[in-house]
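Source file: entry18.csv; contents: CSV, C-alpha atoms.
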chain,number,residue,atom,x,y,z
A,303,MET,CA,-2.6,-6.0,12.1
A,304,THR,CA,-3.4,-4.7,8.7
A,305,THR,CA,-4.5,-1.1,8.1
A,306,PHE,CA,-6.5,-0.4,4.9
A,307,VAL,CA,-6.5,3.1,3.6
A,308,LEU,CA,-9.7,3.2,1.5
A,309,VAL,CA,-9.8,5.9,-1.2
A,310,HIS,CA,-13.1,6.6,-2.9
A,311,GLY,CA,-13.6,7.2,-6.6
A,312,ALA,CA,-14.9,10.2,-8.5
A,313,TRP,CA,-18.2,11.8,-7.4
A,314,HIS,CA,-18.1,9.7,-4.3
A,315,GLY,CA,-17.0,10.3,-0.7
A,316,PRO,CA,-15.7,8.2,2.2
A,317,TRP,CA,-19.2,7.1,2.9
A,318,ALA,CA,-18.7,4.7,-0.1
A,319,TRP,CA,-16.9,2.4,2.3
A,320,ASP,CA,-19.4,2.5,5.2
A,321,ARG,CA,-20.7,-1.0,4.4
A,322,LEU,CA,-17.3,-2.5,3.8
A,323,ALA,CA,-15.3,-1.1,6.7
A,324,PRO,CA,-17.1,-2.9,9.5
A,325,LEU,CA,-16.4,-6.2,7.8
A,326,LEU,CA,-12.7,-5.5,7.7
A,327,HIS,CA,-12.9,-4.5,11.4
A,328,GLN,CA,-14.5,-7.8,12.2
A,329,ALA,CA,-11.5,-9.5,10.6
A,330,GLY,CA,-9.1,-7.6,12.9
A,331,ALA,CA,-8.1,-4.9,10.4
A,332,ARG,CA,-8.2,-1.2,10.8
A,333,THR,CA,-9.4,1.3,8.2
A,334,ILE,CA,-8.9,4.9,7.2
A,335,ALA,CA,-11.1,6.5,4.6
A,336,PRO,CA,-9.9,10.0,3.6
A,337,ALA,CA,-12.3,12.5,1.9
A,338,LEU,CA,-10.9,13.8,-1.3
A,339,THR,CA,-11.8,17.4,-2.0
A,340,LEU,CA,-14.4,17.9,-4.7
A,341,ASP,CA,-14.9,21.6,-4.5
A,342,GLY,CA,-13.3,24.1,-6.7
A,343,ASP,CA,-10.8,23.8,-9.6
A,344,ILE,CA,-8.4,21.2,-8.2
A,345,GLY,CA,-6.6,18.4,-9.9
A,346,LEU,CA,-5.3,14.9,-9.3
A,347,HIS,CA,-2.2,16.1,-7.6
A,348,THR,CA,-4.2,17.7,-4.8
A,349,HIS,CA,-5.9,14.4,-4.2
A,350,VAL,CA,-2.5,12.7,-4.1
A,351,GLN,CA,-1.4,15.0,-1.3
A,352,GLU,CA,-4.6,14.3,0.6
A,353,ILE,CA,-4.0,10.5,0.3
A,354,ILE,CA,-0.4,11.0,1.5
A,355,VAL,CA,-1.7,12.8,4.6
A,356,ALA,CA,-3.9,9.7,5.3
A,357,LEU,CA,-1.0,7.4,4.7
A,358,ASP,CA,1.3,9.2,7.1
A,359,ALA,CA,-1.5,9.1,9.8
A,360,ALA,CA,-2.1,5.4,9.2
A,361,ALA,CA,1.6,4.6,9.3
A,362,ASP,CA,2.0,6.5,12.6
A,363,ASP,CA,-1.0,4.6,14.1
A,364,THR,CA,0.3,1.3,12.9
A,365,LEU,CA,3.8,1.8,14.2
A,366,ALA,CA,2.5,2.9,17.6
A,367,ASP,CA,0.2,-0.1,18.0
A,368,ALA,CA,1.5,-2.8,15.8
A,369,PRO,CA,5.1,-2.2,14.5
A,370,GLU,CA,4.9,-5.3,12.3
A,371,GLY,CA,1.5,-4.4,10.8
A,372,ASP,CA,0.9,-4.0,7.1
A,373,LEU,CA,-0.5,-0.9,5.3
A,374,VAL,CA,-2.7,-1.6,2.3
A,375,LEU,CA,-3.7,1.2,0.0
A,376,VAL,CA,-7.0,0.7,-1.9
A,377,GLY,CA,-8.2,2.9,-4.7
A,378,HIS,CA,-11.7,2.6,-6.3
A,379,SER,CA,-12.1,3.7,-10.0
A,380,TYR,CA,-10.5,7.1,-10.6
A,381,ALA,CA,-8.6,6.8,-7.4
A,382,GLY,CA,-6.5,4.0,-8.9
A,383,LEU,CA,-4.5,6.8,-10.5
A,384,ALA,CA,-4.2,8.8,-7.4
A,385,VAL,CA,-3.3,6.0,-5.0
A,386,ARG,CA,-0.5,4.8,-7.3
A,387,GLN,CA,1.1,8.2,-7.3
A,388,ALA,CA,0.7,8.5,-3.6
A,389,ALA,CA,2.4,5.1,-3.1
A,390,ASP,CA,5.1,6.1,-5.5
A,391,LEU,CA,5.9,9.1,-3.2
A,392,ARG,CA,5.7,7.0,0.0
A,393,PRO,CA,7.0,3.5,-1.1
A,394,ASP,CA,8.4,2.9,2.4
A,395,LEU,CA,5.0,3.1,3.9
A,396,VAL,CA,2.8,1.0,1.6
A,397,ASP,CA,3.0,-2.8,1.6
A,398,HIS,CA,0.4,-3.5,-1.0
A,399,VAL,CA,-1.8,-1.5,-3.5
A,400,ILE,CA,-5.2,-2.8,-4.4
A,401,LEU,CA,-7.3,-1.4,-7.2
A,402,VAL,CA,-11.1,-1.9,-7.3
A,403,ASP,CA,-12.3,-1.4,-10.8
A,404,GLY,CA,-9.4,1.0,-10.9
A,405,TRP,CA,-8.0,3.2,-13.7
A,406,ALA,CA,-4.3,2.8,-13.8
A,407,GLY,CA,-1.3,3.2,-16.1
A,408,HIS,CA,2.4,4.1,-16.2
A,409,ASP,CA,3.9,7.6,-15.7
A,410,GLY,CA,1.9,10.2,-17.6
A,411,ALA,CA,-1.4,8.3,-17.4
A,412,SER,CA,-4.7,10.2,-16.9
A,413,MET,CA,-8.4,9.4,-17.0
A,414,PHE,CA,-8.8,11.1,-20.3
A,415,GLY,CA,-5.7,9.4,-21.6
A,416,LEU,CA,-7.0,5.9,-20.7
A,417,ALA,CA,-10.7,6.3,-21.3
A,418,PRO,CA,-12.4,5.8,-24.7
A,419,GLU,CA,-13.1,8.9,-26.8
A,420,THR,CA,-16.9,8.5,-26.1
A,421,PHE,CA,-16.3,8.7,-22.4
A,422,VAL,CA,-14.1,11.8,-22.8
A,423,HIS,CA,-16.5,13.6,-25.0
A,424,THR,CA,-19.4,12.8,-22.7
A,425,ILE,CA,-17.5,14.2,-19.7
A,426,GLN,CA,-16.4,17.3,-21.5
A,427,ALA,CA,-20.0,18.0,-22.6
A,428,ALA,CA,-21.3,17.5,-19.1
A,429,ALA,CA,-18.7,19.9,-17.7
A,430,ARG,CA,-19.8,22.6,-20.1
A,431,THR,CA,-23.3,22.5,-18.6
A,432,SER,CA,-21.8,23.6,-15.3
A,433,ALA,CA,-19.2,26.2,-14.5
A,434,GLY,CA,-16.8,24.4,-16.9
A,435,ASN,CA,-14.5,23.1,-14.2
A,436,GLN,CA,-16.9,20.6,-12.5
A,437,ILE,CA,-18.4,17.4,-13.9
A,438,PRO,CA,-22.0,16.9,-12.7
A,439,ALA,CA,-22.5,13.5,-11.1
A,440,PRO,CA,-23.9,10.8,-13.4
A,441,THR,CA,-27.0,8.8,-12.6
A,442,PRO,CA,-26.6,5.8,-10.1
A,443,ALA,CA,-27.2,3.5,-13.1
A,444,MET,CA,-23.8,4.5,-14.4
A,445,PHE,CA,-22.2,2.8,-11.4
A,446,GLY,CA,-24.4,-0.3,-11.8
A,447,ILE,CA,-26.9,0.7,-9.1
A,448,THR,CA,-30.4,0.0,-10.4
A,449,ASP,CA,-32.5,-0.9,-7.4
A,450,PRO,CA,-34.8,2.1,-6.9
A,451,ASP,CA,-34.2,2.5,-3.2
A,452,GLU,CA,-30.4,2.1,-3.5
A,453,ALA,CA,-30.3,4.4,-6.5
A,454,ALA,CA,-32.2,7.1,-4.6
A,455,TRP,CA,-29.8,6.7,-1.6
A,456,LEU,CA,-26.8,7.0,-3.9
A,457,ALA,CA,-28.1,9.9,-5.9
A,458,GLN,CA,-28.5,12.0,-2.7
A,459,ARG,CA,-24.8,11.5,-1.9
A,460,LEU,CA,-23.0,11.9,-5.3
A,461,ARG,CA,-21.3,15.2,-5.8
A,462,PRO,CA,-19.7,17.0,-8.8
A,463,GLN,CA,-16.1,16.1,-9.6
A,464,PRO,CA,-13.4,18.6,-10.6
A,465,LEU,CA,-12.7,18.3,-14.3
A,466,ARG,CA,-8.9,18.8,-13.8
A,467,THR,CA,-8.8,15.5,-11.8
A,468,PHE,CA,-9.5,13.8,-15.1
A,469,THR,CA,-7.1,15.8,-17.2
A,470,GLU,CA,-4.0,15.9,-15.0
A,471,THR,CA,-1.4,13.2,-15.6
A,472,THR,CA,0.4,11.1,-13.1
A,473,ARG,CA,4.0,11.6,-12.1
A,474,LEU,CA,5.6,8.3,-11.3
A,475,SER,CA,9.3,7.6,-10.5
A,476,GLY,CA,8.9,3.9,-10.8
A,477,ALA,CA,9.0,3.3,-7.0
A,478,VAL,CA,5.4,2.2,-7.0
A,479,ASN,CA,6.3,-0.7,-9.3
A,480,ARG,CA,8.3,-2.3,-6.6
A,481,ILE,CA,5.2,-2.5,-4.3
A,482,PRO,CA,3.0,-5.6,-4.8
A,483,GLY,CA,-0.3,-4.9,-6.4
A,484,THR,CA,-3.7,-6.5,-7.1
A,485,GLY,CA,-6.4,-5.4,-9.5
A,486,ILE,CA,-9.9,-6.5,-8.6
A,487,TYR,CA,-12.2,-5.9,-11.5
A,488,CYS,CA,-16.0,-6.3,-11.6
A,489,ARG,CA,-18.0,-8.4,-14.0
A,490,PRO,CA,-19.7,-7.7,-16.3
A,491,GLN,CA,-17.0,-5.1,-17.1
A,492,THR,CA,-17.7,-1.5,-17.9
A,493,TYR,CA,-14.2,-0.7,-19.0
A,494,ALA,CA,-11.0,-2.7,-19.4
A,495,PHE,CA,-10.0,-2.7,-15.7
A,496,ASP,CA,-8.5,-6.1,-15.9
A,497,GLN,CA,-6.2,-4.9,-18.7
A,498,PHE,CA,-5.2,-1.8,-16.8
A,499,ALA,CA,-4.2,-4.0,-13.9
A,500,ALA,CA,-2.3,-6.4,-16.0
A,501,SER,CA,-0.5,-3.6,-17.9
A,502,ILE,CA,1.2,-2.4,-14.7
A,503,GLY,CA,2.0,-5.9,-13.5
A,504,TYR,CA,-0.9,-6.3,-11.0
A,505,ARG,CA,-2.6,-9.7,-10.6
A,506,PRO,CA,-6.2,-9.3,-12.0
A,507,ILE,CA,-8.9,-10.9,-9.8
A,508,ALA,CA,-12.5,-11.0,-11.0
A,509,LEU,CA,-15.5,-10.2,-8.8
A,510,ASP,CA,-19.1,-10.5,-10.0
A,511,GLY,CA,-20.9,-7.3,-9.3
A,512,PRO,CA,-21.4,-3.7,-10.5
A,513,HIS,CA,-18.8,-0.9,-10.5
A,514,ASP,CA,-20.0,0.2,-7.0
A,515,VAL,CA,-19.7,-3.3,-5.7
A,516,MET,CA,-18.7,-2.0,-2.2
A,517,LEU,CA,-22.3,-1.0,-1.9
A,518,THR,CA,-24.0,-4.0,-3.4
A,519,ASP,CA,-21.8,-6.8,-2.1
A,520,PRO,CA,-19.4,-5.5,0.6
A,521,ARG,CA,-18.9,-8.9,2.1
A,522,ALA,CA,-17.4,-10.4,-1.2
A,523,LEU,CA,-15.2,-7.4,-1.7
A,524,ALA,CA,-14.0,-7.5,1.9
A,525,ARG,CA,-13.0,-11.1,1.5
A,526,LEU,CA,-11.0,-10.4,-1.6
A,527,LEU,CA,-9.2,-7.4,0.0
A,528,LEU,CA,-8.3,-9.6,3.0
A,529,GLU,CA,-7.1,-12.5,0.8
A,530,ALA,CA,-5.1,-10.2,-1.4
A,531,SER,CA,-3.4,-8.5,1.5
A,532,ARG,CA,-2.5,-11.8,3.2
A,533,ARG,CA,-1.1,-13.2,-0.1
A,534,ALA,CA,1.1,-10.2,-0.4
A,535,VAL,CA,2.9,-10.8,2.8
A,536,GLN,CA,3.3,-14.6,2.5
If you took the structure in this file and wrote it as structure tokens, what would it be?
Amino acid sequence: MTTFVLVHGAWHGPWAWDRLAPLLHQAGARTIAPALTLDGDIGLHTHVQEIIVALDAAADDTLADAPEGDLVLVGHSYAGLAVRQAADLRPDLVDHVILVDGWAGHDGASMFGLAPETFVHTIQAAARTSAGNQIPAPTPAMFGITDPDEAAWLAQRLRPQPLRTFTETTRLSGAVNRIPGTGIYCRPQTYAFDQFAASIGYRPIALDGPHDVMLTDPRALARLLLEASRRAVQ
């Protein structure tokens, strides 16, 4: 049995996986979708610790019910940075890391370090309109959601993101590099997610769809997650 720990990206919550998780369950997998804290002035390292709590719980459940089961850690967008650091701290637990349009780099990487200057300046300006330590949620169109009904549904759920999650840098020992990895990137691309994946040694796999493809085409994404996890253990 495979357990997928599904980690949502910036401004989102575990609800982002609600359409995907049942499809993985139908294939015989289990899922855990932790909620990353979005309140207050917290940073990436707080999110890493929250992911580790979910990893430990998933590992306990897997060992209890299926000792030979695999644990796959999935990070969407910003969470690509956080899941890699969590896997680096728990390399004995994680069998495969999968990024979905994920930001990623080596030790010392950050969102602001990887993103174009225009992105950084836009985020900084947006944060200044709030308390200064929170980034207001962008419009659904920024995530590729343009259908009016879907956009309204998403807009109601998006929440401000702590600015420090974008400025804190990763701390990697190199242990995560010994864990197999896959980088699913959506086309047409918004940022160079295929290059981020390739730069850390992950196999890039294209998927036609917007950045929030788990909402628009969860079946296609579930298929790729299952295929990538099976390939990793062959």
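Distances to Ser475 (chain A) were evaluated for A:Val402, A:Val355, A:Ala389, A:Leu340 using only C-alpha atoms, and the minimum falls at A:Ala389.
Nearest to Met413 (chain A) of all the residues A:Ala356, A:Cys488, A:Ala508, A:Ala384 is A:Ala384, based on all atoms listed in the file.
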Would you list the contacts of Arg386 (chain A) as a count of residues only, taking every protein, DNA or RNA residue within 8 Å and counting all atoms listed in the file, but skipping same-chain residues closer than 3 positions in sequence? 7
May I ask for the distance between CA of Val396 (chain A) and CA of Pro482 (chain A), given in Å to one decimal place? 9.2 Å
Region 366-479 of chain A near region 520-528 of chain A within 12 Å: what's each residue's closest atom pair and its distance in Å to one decimal, counting all atoms listed in the file, ordered by chain then ascending residue number, as JSON lines?
{"residue": "A:Asp372", "atom": "CA", "partner": "A:Leu528", "partner_atom": "CA", "distance": 11.5}
{"residue": "A:Leu373", "atom": "CA", "partner": "A:Leu528", "partner_atom": "CA", "distance": 11.9}
{"residue": "A:Val374", "atom": "CA", "partner": "A:Leu527", "partner_atom": "CA", "distance": 9.0}
{"residue": "A:Leu375", "atom": "CA", "partner": "A:Leu527", "partner_atom": "CA", "distance": 10.2}
{"residue": "A:Val376", "atom": "CA", "partner": "A:Leu527", "partner_atom": "CA", "distance": 8.6}
{"residue": "A:Gly377", "atom": "CA", "partner": "A:Leu527", "partner_atom": "CA", "distance": 11.4}
{"residue": "A:His378", "atom": "CA", "partner": "A:Leu523", "partner_atom": "CA", "distance": 11.6}
{"residue": "A:His398", "atom": "CA", "partner": "A:Leu527", "partner_atom": "CA", "distance": 10.4}
{"residue": "A:Val399", "atom": "CA", "partner": "A:Leu527", "partner_atom": "CA", "distance": 10.1}
{"residue": "A:Ile400", "atom": "CA", "partner": "A:Leu527", "partner_atom": "CA", "distance": 7.5}
{"residue": "A:Leu401", "atom": "CA", "partner": "A:Leu527", "partner_atom": "CA", "distance": 9.6}
{"residue": "A:Val402", "atom": "CA", "partner": "A:Leu523", "partner_atom": "CA", "distance": 8.9}
{"residue": "A:Asp403", "atom": "CA", "partner": "A:Leu523", "partner_atom": "CA", "distance": 11.3}
Polymer residues at most 9 Å from (-16.3, 20.7, -4.6) by all atoms listed in the file, as a count of residues only: 11
Tell me which of A:Ala411, A:Gly404, A:Thr448, A:Gln426 sits closest to Ala500 (chain A), counting all atoms listed in the file. A:Gly404
